[in-house]
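Input: a single structure, listed below in structure tokens.
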Amino acid sequence: MPHHVVVDGSNIATEGRSMPSLAQLNEAVMAFMAEHPEALITVVVDATFGHRIDAKEVKEFDEAIANNELVAPPAGAVGRGDAFVLSIANKVGATILTNDSFQEFHGQYDWLFDEGRLIGGKPVPHIGWVFVPRIPVRGPVSRSAVKEAKRKKAGAVARGTARIGSPEASQPMPIPTAPPPGARLGGGGERPGRRGGRGSGRGGDGAAPAPTPAASPAPPAPA
């Protein structure tokens with residue numbers, strides 16, 4: 001058995017009932033401790049537990065809260081008692097004694113489906129409390145929670161992905177040392193390397209040679 005067990009007190013206290021019973025919760029915890037004396041027990045109830053139990057149990061409940069025998073989540077805690085139970089179990093790697101499946105948290109705590117993380121319990125007439133290992137029940141809420149968790153994870157991965165270029169791409173752009181081939185220089189309109197070259201006149205002044213006159217056409221042959 002695990003060393004640490006978190007009891008979902010509100011769930012166990014309401015098992016088979018419409019309203020929670022502190023007496024039933026105490027019976028369940030004592031029965032579990034008798035079977036697993038080596039376990040470290042933490043009993044968690046939701047913030048409204050003290051307002052829903054029988055008025056005769058309120059004084060005992062207040063004393064249990066004061067003595068840290070029962071733990072309630074802080075006021076205004078997001079997710080209510082279920083989130084608090086799961087946060088504790090997640091932090092210490094504990095098993096949870098509950099009959100709840102926590103479907104809305106399946107996308108956040110996939111360890112809920114690991115063997116040994118959940119134990120269920122029910123009071124059996126003439127026998128007492130019986131505890132058995134269990135796995136969460138899946139359903140529409142579970143599938144929606146898992147889908148939403150995957151969507152958020154994919155978005156986080158996409159936002160954290162950056163394109164990284166090669167080291168050469170990060171270097172400064174090279175400065176050209178000569179004009180590109182065929183480029184014309186400003187001013188004279190000459191191409192580089194053509195001064196005094198082929199096509200220049202005898203004086204080397206760069207003037208183009210005079211065109212050769214075309215030959216006269218031959219007279220027509222006599223008929």
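To be explicit about the labels: the chains of the structure tokens are called A, B, and onward in the order shown, and within each one the residues are counted from 1, while ligands get numbers from 1 in the order they are shown.
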
Nearby residues (only C-alpha atoms) at most 10 Å from Gly128 (chain A), same-chain spacing under 5 positions excluded, as an MDAnalysis selection string | chainID A and resid 27:28 31 122:123

Residue set, region 15-58 of chain A restricted to alpha helix (DSSP H), as number ranges by chain | A: 22-35, 49-52, 58

Contacts of Ala94 (chain A) at 12 Å or less, counting only C-alpha atoms, minus same-chain residues fewer than 4 places along, as a PyMOL selection string?
-> chain A and resi 1-8+39-42+85-90+111-112+114-119

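Rounded to one decimal, CA of Val58 (chain A) and CA of Leu22 (chain A) lie 8.8 Å from each other.
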
For CA of Ser144 (chain A) and CA of Tyr109 (chain A), determine how far apart the two atoms are, in Å to one decimal place.
->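 Computing the Euclidean distance for CA of Ser144 (chain A) and CA of Tyr109 (chain A) yields 13.9 Å.
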
Please identify all polymer residues within 10 Å of Ala77 (chain A), counting only C-alpha atoms, omitting same-chain residues fewer than 4 positions from it, and present them as JSON, numbers by chain.
-> {"A": [46, 47, 73, 81, 83, 84]}

Quote the spacing between CA of Phe105 (chain A) and CA of Ser142 (chain A) in Å to one decimal place.
-> 7.4 Å

Selection near Asn99 (chain A), 7 Å with only C-alpha atoms, sequence-local residues under 6 positions removed, as a PyMOL selection string | chain A and resi 11+120-121

Would you please work out which residue, of A:Glu69, A:Lys153, A:Ser101, A:Ser10, is nearest to Pro136 (chain A) when using only C-alpha atoms?
->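 So, comparing all the options, the nearest one is A:Ser101.
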
Pull the strand (DSSP E or B) assignments for region 28-71 of chain A out of DSSP run on the backbone, and list those residues as number ranges by chain.
-> A: 40-44, 71

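In this comparison, which uses only C-alpha atoms, the residue of A:Gly76, A:Pro125, A:Pro133, A:Pro20 approaching Ile96 (chain A) most closely is A:Pro133.
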